[in-house]
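J.: Pasting start_18.txt here (compact mmCIF, C-alpha atoms and all ligand atoms):
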```txt
# COMPACT_ATOMS: atom_id res chain seq x y z
CA MET A 1 -3.11 8.61 -30.43
CA LYS A 2 -1.19 10.91 -28.03
CA VAL A 3 -0.42 9.17 -24.75
CA ASN A 4 0.41 10.28 -21.20
CA VAL A 5 1.86 7.45 -19.09
CA ILE A 6 1.24 8.13 -15.39
CA GLY A 7 3.73 6.52 -12.98
CA LEU A 8 7.23 5.81 -14.30
CA GLY A 9 8.27 2.93 -12.04
CA TYR A 10 9.16 -0.65 -12.89
CA ILE A 11 6.14 -0.98 -15.18
CA GLY A 12 5.37 2.55 -16.36
CA LEU A 13 8.86 3.48 -17.49
CA PRO A 14 9.52 0.47 -19.77
CA THR A 15 5.95 0.76 -21.10
CA ALA A 16 6.35 4.45 -21.93
CA LEU A 17 9.76 3.83 -23.51
CA THR A 18 8.54 0.88 -25.59
CA MET A 19 5.59 2.91 -26.86
CA ALA A 20 7.83 5.85 -27.75
CA ALA A 21 10.44 3.65 -29.40
CA ASN A 22 7.64 2.22 -31.57
CA GLY A 23 6.51 5.62 -32.76
CA VAL A 24 3.73 6.41 -30.27
CA ASP A 25 3.74 10.07 -29.17
CA VAL A 26 4.35 9.67 -25.41
CA ILE A 27 4.87 11.93 -22.42
CA GLY A 28 5.71 10.20 -19.13
CA THR A 29 4.53 11.73 -15.86
CA ASP A 30 5.59 10.83 -12.34
CA TYR A 31 5.08 12.96 -9.25
CA ASN A 32 8.50 11.91 -7.96
CA LYS A 33 10.68 14.92 -8.88
CA GLU A 34 13.97 13.11 -8.25
CA LEU A 35 12.95 10.27 -10.59
CA VAL A 36 11.91 12.70 -13.34
CA ASN A 37 15.15 14.72 -12.90
CA THR A 38 17.21 11.53 -13.21
CA LEU A 39 15.46 10.62 -16.47
CA ASN A 40 15.84 14.16 -17.80
CA GLN A 41 19.56 14.00 -16.98
CA GLY A 42 19.81 10.99 -19.29
CA ARG A 43 19.98 8.22 -16.68
CA VAL A 44 17.63 5.29 -16.12
CA THR A 45 16.21 4.78 -12.65
CA PHE A 46 16.67 1.03 -12.19
CA GLU A 47 18.67 -1.84 -13.60
CA GLU A 48 17.03 -4.04 -16.21
CA LYS A 49 18.40 -5.95 -19.17
CA GLY A 50 18.03 -3.82 -22.33
CA LEU A 51 16.56 -0.80 -20.51
CA LYS A 52 19.41 1.61 -21.30
CA GLU A 53 19.25 0.87 -25.04
CA LEU A 54 15.47 1.26 -25.02
CA PHE A 55 15.80 4.55 -23.11
CA PHE A 56 18.25 5.80 -25.73
CA ASN A 57 15.91 4.84 -28.60
CA ALA A 58 12.85 6.36 -26.93
CA ASN A 59 14.74 9.60 -26.24
CA LYS A 60 15.70 9.75 -29.91
CA MET A 61 11.99 9.47 -30.77
CA GLY A 62 11.25 12.48 -28.57
CA ILE A 63 9.65 11.06 -25.39
CA LYS A 64 9.38 13.64 -22.57
CA TYR A 65 9.44 13.14 -18.78
CA THR A 66 7.66 15.52 -16.45
CA THR A 67 5.99 15.82 -13.06
CA GLU A 68 2.95 17.47 -14.70
CA TYR A 69 -0.13 15.69 -16.04
CA GLN A 70 -0.78 16.46 -19.71
CA THR A 71 -3.82 16.92 -21.95
CA ARG A 72 -3.72 13.84 -24.19
CA ASP A 73 -6.04 11.38 -25.99
CA MET A 74 -5.10 8.39 -23.85
CA TYR A 75 -3.70 7.93 -20.33
CA VAL A 76 -1.91 4.81 -19.18
CA ILE A 77 -1.92 4.56 -15.39
CA SER A 78 0.76 2.39 -13.81
CA VAL A 79 0.88 3.45 -10.18
CA PRO A 80 1.23 1.06 -7.22
CA THR A 81 -1.66 -1.07 -5.94
CA PRO A 82 -0.70 -2.47 -2.54
CA TYR A 83 -3.11 -4.47 -0.42
CA ASP A 84 -4.52 -3.47 2.90
CA LYS A 85 -2.66 -5.62 5.47
CA PHE A 86 -5.80 -6.15 7.57
CA SER A 87 -8.66 -6.55 5.09
CA LYS A 88 -6.36 -8.06 2.39
CA LYS A 89 -8.35 -6.05 -0.17
CA VAL A 90 -6.70 -4.00 -2.90
CA ASP A 91 -5.78 -0.50 -1.78
CA ALA A 92 -6.75 1.57 -4.81
CA VAL A 93 -5.80 4.93 -3.35
CA TYR A 94 -2.92 5.61 -5.79
CA VAL A 95 -5.08 4.74 -8.79
CA ILE A 96 -7.92 6.92 -7.50
CA LYS A 97 -5.57 9.88 -7.00
CA ALA A 98 -4.09 9.43 -10.47
CA VAL A 99 -7.54 9.24 -12.13
CA GLU A 100 -8.72 12.33 -10.25
CA GLU A 101 -5.66 14.19 -11.49
CA VAL A 102 -6.20 12.96 -15.07
CA LEU A 103 -9.76 14.32 -14.91
CA ASN A 104 -8.34 17.74 -14.04
CA HIS A 105 -6.33 17.75 -17.26
CA CYS A 106 -8.09 15.68 -19.94
CA ASN A 107 -10.69 16.58 -22.54
CA GLU A 108 -14.06 15.00 -23.29
CA GLY A 109 -13.58 11.65 -25.06
CA ALA A 110 -10.28 10.78 -23.37
CA ILE A 111 -9.43 7.13 -22.72
CA ILE A 112 -8.06 6.18 -19.30
CA VAL A 113 -6.26 2.84 -19.37
CA ILE A 114 -5.44 1.36 -15.99
CA GLU A 115 -2.43 -0.94 -16.22
CA SER A 116 -1.99 -1.29 -12.46
CA THR A 117 -3.07 -4.67 -11.11
CA ILE A 118 -6.53 -4.41 -9.52
CA SER A 119 -9.01 -6.92 -8.19
CA PRO A 120 -12.21 -7.77 -10.09
CA GLY A 121 -14.74 -4.97 -9.69
CA THR A 122 -12.25 -2.26 -8.68
CA ILE A 123 -12.98 -0.05 -11.67
CA ASP A 124 -16.75 -0.26 -11.14
CA LYS A 125 -16.46 0.25 -7.40
CA TYR A 126 -13.82 2.98 -7.09
CA ILE A 127 -13.04 4.51 -10.47
CA ARG A 128 -16.31 4.72 -12.40
CA PRO A 129 -18.08 6.72 -9.65
CA ILE A 130 -15.32 9.35 -9.82
CA VAL A 131 -15.65 9.61 -13.59
CA ASN A 132 -19.46 9.72 -13.35
CA LYS A 133 -19.25 12.60 -10.87
CA SER A 134 -16.86 14.58 -13.08
CA ARG A 135 -17.75 17.37 -15.51
CA PHE A 136 -17.49 14.89 -18.43
CA ASN A 137 -20.07 12.65 -20.16
CA ASN A 138 -17.79 10.69 -22.40
CA ILE A 139 -14.67 9.40 -20.66
CA HIS A 140 -13.72 5.80 -21.48
CA LEU A 141 -12.31 3.44 -18.87
CA VAL A 142 -10.13 0.52 -19.92
CA HIS A 143 -8.09 -2.07 -18.04
CA ALA A 144 -4.90 -3.43 -19.64
CA PRO A 145 -3.10 -5.49 -17.00
CA GLU A 146 0.65 -5.98 -17.33
CA ARG A 147 2.29 -9.40 -17.06
CA ILE A 148 6.00 -8.71 -17.74
CA ILE A 149 8.63 -10.24 -15.48
CA PRO A 150 11.51 -8.20 -14.03
CA GLY A 151 14.76 -9.44 -15.52
CA ASN A 152 13.14 -10.00 -18.94
CA MET A 153 10.78 -7.02 -19.12
CA ILE A 154 11.93 -5.47 -22.35
CA TYR A 155 11.72 -8.72 -24.28
CA GLU A 156 8.34 -9.60 -22.79
CA LEU A 157 6.88 -6.15 -23.47
CA ALA A 158 7.58 -6.74 -27.14
CA HIS A 159 6.29 -10.33 -27.25
CA ASN A 160 3.71 -11.05 -24.53
CA SER A 161 0.03 -11.34 -25.35
CA ARG A 162 -2.13 -8.63 -23.81
CA THR A 163 -5.64 -8.41 -22.42
CA ILE A 164 -7.66 -5.24 -22.99
CA GLY A 165 -10.86 -4.87 -20.96
CA ALA A 166 -13.26 -2.18 -22.16
CA ASP A 167 -16.95 -1.26 -22.01
CA SER A 168 -17.28 -1.31 -25.79
CA LYS A 169 -15.59 -3.25 -28.58
CA GLU A 170 -14.90 0.02 -30.38
CA ILE A 171 -12.86 1.57 -27.53
CA GLY A 172 -11.23 -1.78 -26.74
CA GLU A 173 -10.03 -2.08 -30.35
CA LYS A 174 -8.78 1.53 -30.37
CA VAL A 175 -6.61 0.79 -27.34
CA ALA A 176 -5.66 -2.64 -28.70
CA ASP A 177 -4.29 -0.91 -31.81
CA VAL A 178 -1.85 1.05 -29.62
CA TYR A 179 -0.73 -2.14 -27.84
CA ARG A 180 -0.37 -3.94 -31.19
CA LYS A 181 2.30 -1.36 -32.01
CA ILE A 182 4.43 -2.53 -29.08
CA THR A 183 3.88 -6.30 -28.99
CA ASP A 184 3.79 -9.03 -31.58
CA GLY A 185 1.84 -11.17 -29.10
CA GLU A 186 -1.93 -11.55 -29.39
CA VAL A 187 -4.01 -8.62 -28.10
CA ILE A 188 -7.40 -9.79 -26.84
CA VAL A 189 -10.32 -7.45 -26.20
CA THR A 190 -12.76 -8.40 -23.47
CA ASP A 191 -14.83 -6.70 -20.77
CA ILE A 192 -13.29 -4.83 -17.82
CA LYS A 193 -14.14 -7.26 -15.00
CA THR A 194 -12.82 -10.23 -16.99
CA ALA A 195 -9.56 -8.38 -17.62
CA GLU A 196 -9.29 -7.49 -13.92
CA MET A 197 -9.86 -11.10 -12.92
CA THR A 198 -7.42 -12.63 -15.44
CA LYS A 199 -4.42 -10.77 -14.07
CA VAL A 200 -5.15 -11.70 -10.46
CA VAL A 201 -5.87 -15.30 -11.47
CA GLU A 202 -2.55 -15.58 -13.35
CA ASN A 203 -0.56 -14.52 -10.31
CA THR A 204 -2.68 -16.64 -7.99
CA PHE A 205 -2.00 -19.69 -10.16
CA ARG A 206 1.73 -19.04 -9.75
CA ALA A 207 1.43 -18.50 -5.97
CA VAL A 208 -0.55 -21.71 -5.42
CA ASN A 209 1.90 -23.77 -7.50
CA ILE A 210 4.90 -22.32 -5.68
CA ALA A 211 3.17 -23.07 -2.37
CA PHE A 212 2.74 -26.70 -3.43
CA ALA A 213 6.49 -26.99 -4.09
CA ASN A 214 7.26 -25.26 -0.77
CA GLU A 215 4.96 -27.62 1.09
CA LEU A 216 6.70 -30.60 -0.54
CA ALA A 217 10.05 -29.19 0.64
CA LYS A 218 8.73 -29.11 4.20
CA ILE A 219 7.35 -32.65 4.01
CA CYS A 220 10.62 -33.95 2.57
CA ARG A 221 12.69 -32.13 5.21
CA HIS A 222 10.50 -33.61 7.94
CA ASP A 223 11.14 -37.15 6.73
CA ASN A 224 14.63 -36.71 5.28
CA MET A 225 13.77 -37.09 1.60
CA ASP A 226 15.38 -35.22 -1.30
CA VAL A 227 12.67 -32.89 -2.60
CA TYR A 228 14.64 -31.97 -5.73
CA GLU A 229 15.15 -35.60 -6.75
CA ILE A 230 11.46 -36.26 -6.14
CA ILE A 231 10.35 -33.25 -8.19
CA LYS A 232 12.75 -34.20 -10.98
CA ILE A 233 11.28 -37.70 -11.19
CA CYS A 234 7.66 -36.55 -10.87
CA ASN A 235 8.16 -34.02 -13.66
CA MET A 236 8.97 -36.90 -16.01
CA HIS A 237 5.26 -37.69 -15.85
CA PRO A 238 3.81 -36.16 -19.02
CA ARG A 239 1.15 -34.18 -17.16
CA VAL A 240 3.08 -33.11 -14.04
CA ASN A 241 5.09 -29.90 -13.83
CA ILE A 242 6.07 -29.07 -10.26
CA LEU A 243 7.89 -25.77 -9.66
CA ASN A 244 10.98 -25.36 -7.48
CA PRO A 245 10.61 -24.65 -3.78
CA GLY A 246 12.34 -21.55 -2.44
CA PRO A 247 12.91 -19.29 0.56
CA GLY A 248 9.59 -17.48 0.06
CA VAL A 249 7.88 -15.20 -2.42
CA GLY A 250 8.48 -11.48 -2.82
CA GLY A 251 7.94 -8.69 -5.31
CA HIS A 252 4.82 -6.73 -6.03
CA CYS A 253 2.81 -9.38 -7.85
CA ILE A 254 2.77 -12.98 -6.67
CA SER A 255 3.13 -12.09 -3.00
CA VAL A 256 0.41 -9.43 -3.20
CA ASP A 257 -2.27 -10.06 -5.85
CA PRO A 258 -3.71 -13.36 -4.54
CA TRP A 259 -4.58 -11.53 -1.32
CA PHE A 260 -7.00 -9.38 -3.36
CA LEU A 261 -9.11 -12.50 -3.99
CA VAL A 262 -8.84 -13.59 -0.35
CA GLY A 263 -9.95 -10.11 0.74
CA ASP A 264 -12.92 -10.01 -1.64
CA TYR A 265 -14.04 -13.66 -1.40
CA PRO A 266 -12.92 -14.84 2.06
CA SER A 267 -15.24 -17.83 2.29
CA LEU A 268 -14.38 -19.06 -1.22
CA THR A 269 -10.59 -18.90 -1.18
CA LYS A 270 -9.44 -21.68 1.13
CA VAL A 271 -6.75 -23.11 -1.18
CA ILE A 272 -5.45 -19.63 -2.03
CA TRP A 273 -5.37 -18.50 1.59
CA GLU A 274 -3.50 -21.60 2.76
CA SER A 275 -1.10 -21.28 -0.17
CA MET A 276 -0.27 -17.69 0.75
CA LYS A 277 0.30 -18.78 4.34
CA VAL A 278 2.68 -21.54 3.19
CA ASN A 279 4.67 -19.10 1.02
CA ASP A 280 4.76 -16.53 3.82
CA SER A 281 6.06 -19.16 6.23
CA MET A 282 9.15 -19.96 4.15
CA PRO A 283 11.50 -17.23 5.46
CA GLU A 284 10.81 -18.46 8.97
CA PHE A 285 11.42 -22.04 7.79
CA VAL A 286 14.81 -20.91 6.41
CA LEU A 287 15.64 -19.29 9.75
CA LYS A 288 14.83 -22.56 11.48
CA ARG A 289 17.10 -24.41 9.04
CA ILE A 290 19.88 -21.92 9.83
CA SER A 291 19.64 -22.62 13.54
CA GLU A 292 19.53 -26.42 12.99
CA ILE A 293 22.64 -26.23 10.79
CA MET A 294 24.44 -23.97 13.27
CA GLU A 295 23.80 -26.49 15.99
CA GLU A 296 24.95 -29.40 13.83
CA LYS A 297 28.14 -27.55 12.80
CA GLY A 298 28.85 -26.09 16.22
CA ILE A 299 28.53 -22.49 15.00
CA THR A 300 27.52 -20.55 18.08
CA ASP A 301 27.64 -16.95 16.89
CA TYR A 302 24.90 -15.53 14.64
CA LYS A 303 27.41 -12.87 13.58
CA ARG A 304 29.16 -15.55 11.51
CA VAL A 305 26.02 -16.21 9.41
CA GLY A 306 25.47 -14.29 6.17
CA LEU A 307 22.56 -14.08 3.77
CA TYR A 308 23.50 -13.89 0.09
CA GLY A 309 20.87 -11.88 -1.79
CA LEU A 310 18.38 -9.20 -0.82
CA THR A 311 16.28 -8.89 -3.95
CA TYR A 312 13.09 -10.85 -4.48
CA LYS A 313 14.44 -12.57 -7.57
CA GLU A 314 17.70 -13.11 -9.39
CA ASN A 315 19.58 -10.49 -11.41
CA VAL A 316 17.24 -7.56 -10.64
CA ASP A 317 17.54 -4.71 -8.12
CA ASP A 318 13.94 -4.87 -6.84
CA PHE A 319 13.92 -5.88 -3.17
CA ARG A 320 10.26 -5.12 -2.36
CA GLU A 321 8.71 -7.74 -0.05
CA SER A 322 11.75 -9.98 -0.64
CA PRO A 323 12.12 -13.24 1.34
CA THR A 324 15.41 -11.91 2.80
CA LEU A 325 13.65 -8.81 4.12
CA GLN A 326 10.84 -10.99 5.46
CA LEU A 327 13.41 -13.20 7.20
CA LEU A 328 15.15 -10.18 8.77
CA GLU A 329 11.78 -8.80 9.85
CA PHE A 330 10.95 -12.10 11.52
CA GLN A 331 14.34 -12.15 13.23
CA LYS A 332 13.58 -8.69 14.63
CA THR A 333 10.52 -10.03 16.43
CA HIS A 334 12.94 -12.21 18.40
CA LEU A 335 14.89 -9.08 19.32
CA ALA A 336 17.88 -10.56 17.52
CA GLU A 337 20.70 -8.64 15.85
CA PRO A 338 20.06 -8.89 12.06
CA LEU A 339 22.18 -11.35 10.11
CA LYS A 340 24.84 -10.08 7.73
CA VAL A 341 23.61 -9.51 4.18
CA TYR A 342 25.18 -8.94 0.79
CA ASP A 343 23.61 -8.35 -2.62
CA PRO A 344 25.55 -7.21 -5.69
CA PHE A 345 22.48 -5.39 -7.07
CA ILE A 346 21.76 -3.27 -3.98
CA LYS A 347 24.17 -0.36 -3.93
CA LYS A 348 22.50 1.64 -1.14
CA ASP A 349 22.33 0.63 2.52
CA ILE A 350 18.81 -0.60 3.08
CA VAL A 351 19.34 -2.90 6.07
CA LYS A 352 21.70 -3.12 9.01
CA ASN A 353 24.87 -5.24 8.63
CA GLN A 354 24.78 -4.94 4.85
CA TYR A 355 27.93 -5.49 2.77
CA HIS A 356 28.75 -4.10 -0.66
CA ASN A 357 31.70 -6.33 -1.43
CA PHE A 358 31.37 -10.08 -1.93
CA ASP A 359 34.88 -10.93 -0.66
CA GLU A 360 34.55 -8.81 2.49
CA PHE A 361 31.19 -10.44 3.16
CA LEU A 362 32.67 -13.93 2.76
CA ASN A 363 35.59 -13.07 5.04
CA ASP A 364 33.19 -12.23 7.84
CA VAL A 365 30.93 -15.30 7.72
CA ASP A 366 31.25 -19.06 8.21
CA LEU A 367 27.73 -20.02 7.14
CA VAL A 368 26.51 -18.67 3.78
CA VAL A 369 22.78 -18.84 3.09
CA ILE A 370 22.02 -18.57 -0.63
CA MET A 371 18.70 -16.70 -0.74
CA VAL A 372 18.86 -15.47 -4.35
CA LYS A 373 20.42 -17.17 -7.38
CA HIS A 374 22.13 -14.14 -8.91
CA ASP A 375 24.53 -15.00 -11.77
CA GLU A 376 27.35 -13.63 -9.60
CA ILE A 377 27.14 -16.50 -7.12
CA LYS A 378 26.32 -19.10 -9.77
CA ASN A 379 29.52 -18.12 -11.60
CA ASN A 380 31.60 -17.99 -8.40
CA ILE A 381 30.53 -21.08 -6.48
CA ASN A 382 34.21 -21.92 -5.91
CA LYS A 383 34.47 -18.78 -3.73
CA ILE A 384 32.19 -20.31 -1.10
CA LYS A 385 34.04 -23.64 -1.04
CA GLY A 386 35.05 -24.39 2.55
CA LYS A 387 32.11 -22.46 4.04
CA VAL A 388 29.09 -24.09 5.56
CA ILE A 389 26.39 -23.54 2.91
CA LEU A 390 22.61 -23.49 3.10
CA ASP A 391 21.36 -23.31 -0.49
CA THR A 392 17.66 -22.42 -0.67
CA GLN A 393 17.79 -22.21 -4.48
CA ASN A 394 19.39 -25.55 -5.36
CA ILE A 395 22.22 -24.01 -7.38
CA CYS A 396 25.22 -25.21 -5.35
CA HIS A 397 26.37 -28.79 -5.74
CA LEU A 398 29.47 -28.68 -3.54
CA ASP A 399 29.77 -31.60 -1.12
CA GLY A 400 28.06 -31.07 2.19
CA THR A 401 25.75 -28.28 0.97
CA TYR A 402 22.58 -28.10 3.02
CA LYS A 403 19.26 -27.63 1.21
CA LEU A 404 15.83 -26.38 2.26
N1 LIG A 501 6.81 -4.65 -10.83
C1 LIG A 501 6.29 -5.68 -11.48
O1 LIG A 501 6.96 -6.66 -11.75
C2 LIG A 501 4.84 -5.66 -11.95
C3 LIG A 501 4.43 -6.59 -12.93
C4 LIG A 501 3.11 -6.55 -13.39
C5 LIG A 501 2.23 -5.62 -12.84
N2 LIG A 501 2.64 -4.75 -11.88
C6 LIG A 501 1.68 -3.77 -11.36
O2 LIG A 501 1.98 -2.52 -11.96
C7 LIG A 501 1.66 -1.46 -11.07
C8 LIG A 501 2.86 -0.56 -10.89
O3 LIG A 501 3.88 -1.31 -10.27
P1 LIG A 501 5.39 -0.85 -10.28
O4 LIG A 501 6.18 -2.02 -9.85
O5 LIG A 501 5.72 -0.18 -11.57
O6 LIG A 501 5.36 0.27 -9.13
P2 LIG A 501 6.50 1.34 -8.80
O7 LIG A 501 6.36 1.67 -7.38
O8 LIG A 501 7.82 0.86 -9.33
O9 LIG A 501 6.12 2.61 -9.68
C9 LIG A 501 5.00 3.38 -9.48
C10 LIG A 501 5.34 4.83 -9.82
O10 LIG A 501 4.13 5.59 -9.76
C11 LIG A 501 4.43 6.87 -9.23
N3 LIG A 501 3.17 7.42 -8.74
C12 LIG A 501 2.38 6.96 -7.73
N4 LIG A 501 1.26 7.68 -7.66
C13 LIG A 501 1.33 8.62 -8.65
C14 LIG A 501 0.46 9.64 -9.08
N5 LIG A 501 -0.73 9.85 -8.51
N6 LIG A 501 0.85 10.41 -10.11
C15 LIG A 501 2.04 10.21 -10.73
N7 LIG A 501 2.89 9.26 -10.37
C16 LIG A 501 2.54 8.47 -9.35
C17 LIG A 501 5.47 6.60 -8.15
O11 LIG A 501 6.23 7.76 -7.87
C18 LIG A 501 6.30 5.48 -8.81
O12 LIG A 501 7.41 6.02 -9.52
C19 LIG A 501 1.18 -2.13 -9.78
O13 LIG A 501 -0.22 -2.21 -9.80
C20 LIG A 501 1.78 -3.52 -9.87
O14 LIG A 501 1.03 -4.46 -9.14
C21 LIG A 501 3.93 -4.74 -11.43
```
Once more with this new file: its structure as structure tokens, please.
Ligand SMILES: NC(=O)c1ccc[n+]([C@@H]2O[C@H](COP(=O)([O-])OP(=O)(O)OC[C@H]3O[C@@H](n4cnc5c(N)ncnc54)[C@H](O)[C@@H]3O)[C@@H](O)[C@H]2O)c1

T.:
Amino acid sequence: MKVNVIGLGYIGLPTALTMAANGVDVIGTDYNKELVNTLNQGRVTFEEKGLKELFFNANKMGIKYTTEYQTRDMYVISVPTPYDKFSKKVDAVYVIKAVEEVLNHCNEGAIIVIESTISPGTIDKYIRPIVNKSRFNNIHLVHAPERIIPGNMIYELAHNSRTIGADSKEIGEKVADVYRKITDGEVIVTDIKTAEMTKVVENTFRAVNIAFANELAKICRHDNMDVYEIIKICNMHPRVNILNPGPGVGGHCISVDPWFLVGDYPSLTKVIWESMKVNDSMPEFVLKRISEIMEEKGITDYKRVGLYGLTYKENVDDFRESPTLQLLEFQKTHLAEPLKVYDPFIKKDIVKNQYHNFDEFLNDVDLVVIMVKHDEIKNNINKIKGKVILDTQNICHLDGTYKL
């Protein structure tokens, strides 16, 4: 099966590389010329454990990168699916554009696999009508949602179970055979709407559970209880497994996908809606903690406060929707000068008052707010000794450390 992967971002690139490294004949297409040039010059486009080695192996197997769509047997679409900020519904415009472009290049009988996360019914509502209106009678639509986690993507691509949603068992199995080449996890074939729903449900489950932990943190702060001690004890119950609270939720999955359900089923998603509101309120909660601590410690100048970490999770360079960015955005609404920020993974300037050197950052601040638990800070906790510390990740056990 000859494959054209469309969209070579955080999901599409590792997917294309893993397929190629496992002997699938793959061409990767992205309309971003700079990204394709970088890959063709032999460099990867983002940092991820094991990505460079995989890139090397896939290149050896002959993978190609281009801005042009190809004529192939199977297309794997992994373009963004944001949500509409007002309606909360999935914004399928990138997927629609990609499918339209595929239809300009494919032959009768082609299989179009959508890997992008979409809400239940998206294929029937937005994609099938385009295919039905095309010059073809026999194009197969499939949904194969991705569940890998940044920071461990390459391992998970090779081991996670996969869901393949198709109109017929025959096409589902054909696609499943390609995925069985890249993962030793189970590959399950089901119908399209079930596959669409499973992915959104998985991320919603995570969001709701994180919200529960965040709400506990707020309750415990209100009444001066130690949320971490309480969670530790509760988790000794054989059927309780509470997650850790944190400064908010970012990235392109858990902070986005549950909104698809809220947008499509507004009267049926009370728990989900409240959970998303709780998670979204956490950056503001951290800001409130900062001002309480400043008052307690007699720190009067916001310029002496620094946020450690800009990414949405540890040890990755993806900062989309990150709690730190949300916090800075919230600060802006108060017409305040943004706090100082440092993140070892972000080499470019993306916000004001951003540092690129840990020591320089520490020299310029008295209060350090740990927003992200990168290994760098975990391995250098002694460097922040003597500072006032607000640790939103519960990784610092120095005396006097403030928690959420
Ligand atoms: N990032 C994650 O951790 C993750 C995990 C699971 C699922 N997903 C889902 O995977 C999908 C892709 O996410 P991502 O993080 O890889 O996005 P991304 O923004 O990193 O990459 C998308 C790529 O698609 C390209 N693109 C957009 N439209 C195109 C078009 N019409 N033709 C060719 N190229 C096009 C962009 O240039 C970009 O390089 C989303 O639906 C997301 O929800 C993401």

J.: Rounded to one decimal place, report the atom CA of A:Glu314-atom CA of A:Ile182 distance in Å.

T.: 26.0 Å

J.: Hey, could you make a per-residue contact list for stretch 283-368 of chain A against stretch 203-215 of chain A with 12 Å as the cut-off, showing the nearest pair of atoms and its distance in Å to one decimal, counting all atoms listed in the file, sorted by chain and number, as JSON lines?

T.:
```
{"residue": "A:Pro283", "atom": "CA", "partner": "A:Asn214", "partner_atom": "CA", "distance": 11.0}
{"residue": "A:Phe285", "atom": "CA", "partner": "A:Asn214", "partner_atom": "CA", "distance": 10.0}
{"residue": "A:Val286", "atom": "CA", "partner": "A:Asn214", "partner_atom": "CA", "distance": 11.3}
```

J.: Report as a PyMOL selection string which protein, DNA and RNA residues come within 6 Å of ligand LIG 501 (chain A), using all atoms listed in the file.

T.: chain A and resi 6-12+29-32+78-81+94+97-98+116-117+146-150+252-253

J.: Can you work out the spacing between atom CA of A:Arg128 and atom CA of A:Asp264 in Å, to one decimal?

T.: 18.6 Å

J.: Between atom CA of A:Ile242 and atom CA of A:Pro82, what distance in Å does the model show, to one decimal?

T.: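 A separation of 28.5 Å between them.
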
J.: Could you list as a list in words every residue that has an atom within 12 Å of (-15.9, 15.6, -10.3), using the file's coordinates and counting all atoms listed in the file?

T.: Val99, Glu100, Glu101, Val102, Leu103, Asn104, Ile127, Arg128, Pro129, Ile130, Val131, Asn132, Lys133, Ser134, Arg135, Phe136 and Asn137 of chain A

J.: From the list A:Gln331, A:Trp273, A:Glu48, A:Ile370, which residue is nearest A:Asn152 when using all atoms listed in the file?

T.: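 For A:Asn152, the nearest of the candidates is A:Glu48.
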
J.: I'd like the box whose edges run along x, y and z of the file and which contains every listed atom of stretch 53-56 of chain A, padded by 5 Å per side; could you state its centre and edge lengths in Å, one decimal, as JSON?

T.:
```
{"center_x": 17.4, "center_y": 3.3, "center_z": -24.4, "size_x": 13.8, "size_y": 14.9, "size_z": 12.6}
```

J.: With distances taken over all atoms listed in the file, which residue among A:Val189, A:Ile219, A:Ser168, A:Asp257 lies nearest A:Val201?

T.: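 Smallest separation from A:Val201 among the options: A:Asp257.
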
J.: Restricting the calculation to only C-alpha atoms: of A:Lys199, A:Lys347, A:Arg180, A:Lys218, which residue gets closest to A:His159?

T.: A:Arg180

J.: List as an MDAnalysis selection string the protein and nucleic acid residues near A:Asn138, meaning an atom at most 9 Å away when all atoms listed in the file are counted, but skip any in the same chain fewer than 3 places from it.

T.: chainID A and resid 108:110

J.: Any chance you could export the current selection's C-alpha atoms as a PDB file, in the frame of the given file?

T.:
```pdb
ATOM      1  CA  GLU A 108     -14.060  15.000 -23.290  1.00  0.00           C
ATOM      2  CA  GLY A 109     -13.580  11.650 -25.060  1.00  0.00           C
ATOM      3  CA  ALA A 110     -10.280  10.780 -23.370  1.00  0.00           C
TER       4      ALA A 110
END
```

J.: Determine the nearest neighbour of A:Val305 from the options A:Lys169, A:His222, A:Lys348, A:Lys340, counting all atoms listed in the file.

T.: A:Lys340

J.: Excluding same-chain residues fewer than 6 positions from stretch 229-232 of chain A, what lies within 10 Å of it counting only C-alpha atoms, as a PDB file with C-alpha atoms, keeping the file's coordinate frame?

T.:
```pdb
ATOM      1  CA  ALA A 213       6.490 -26.990  -4.090  1.00  0.00           C
ATOM      2  CA  LEU A 216       6.700 -30.600  -0.540  1.00  0.00           C
ATOM      3  CA  ALA A 217      10.050 -29.190   0.640  1.00  0.00           C
ATOM      4  CA  CYS A 220      10.620 -33.950   2.570  1.00  0.00           C
ATOM      5  CA  VAL A 240       3.080 -33.110 -14.040  1.00  0.00           C
ATOM      6  CA  ASN A 241       5.090 -29.900 -13.830  1.00  0.00           C
ATOM      7  CA  ILE A 242       6.070 -29.070 -10.260  1.00  0.00           C
ATOM      8  CA  LEU A 243       7.890 -25.770  -9.660  1.00  0.00           C
ATOM      9  CA  ASN A 244      10.980 -25.360  -7.480  1.00  0.00           C
ATOM     10  CA  PRO A 245      10.610 -24.650  -3.780  1.00  0.00           C
TER      11      PRO A 245
END
```

J.: Which is closer to A:Val76 than all the others in A:Val93, A:Gly28, A:Leu54, A:Leu39, using only C-alpha atoms?

T.: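 Using only C-alpha atoms, the shortest distance to A:Val76 belongs to A:Gly28.
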
J.: Quick one: of A:Tyr308, A:Tyr155, A:Phe319, A:Tyr355, who's nearest to A:Ile389, counting only C-alpha atoms?

T.: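 For A:Ile389, the nearest of the given residues is A:Tyr308.
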
J.: With 12 Å as the threshold, what does the neighbourhood of (23.9, -26.8, -8.5) contain in terms of residues, counting all atoms listed in the file? Coordinates are those of the file; answer as a ChimeraX atom specification.

T.: /A:228,370,373,377-382,391-399,401-403
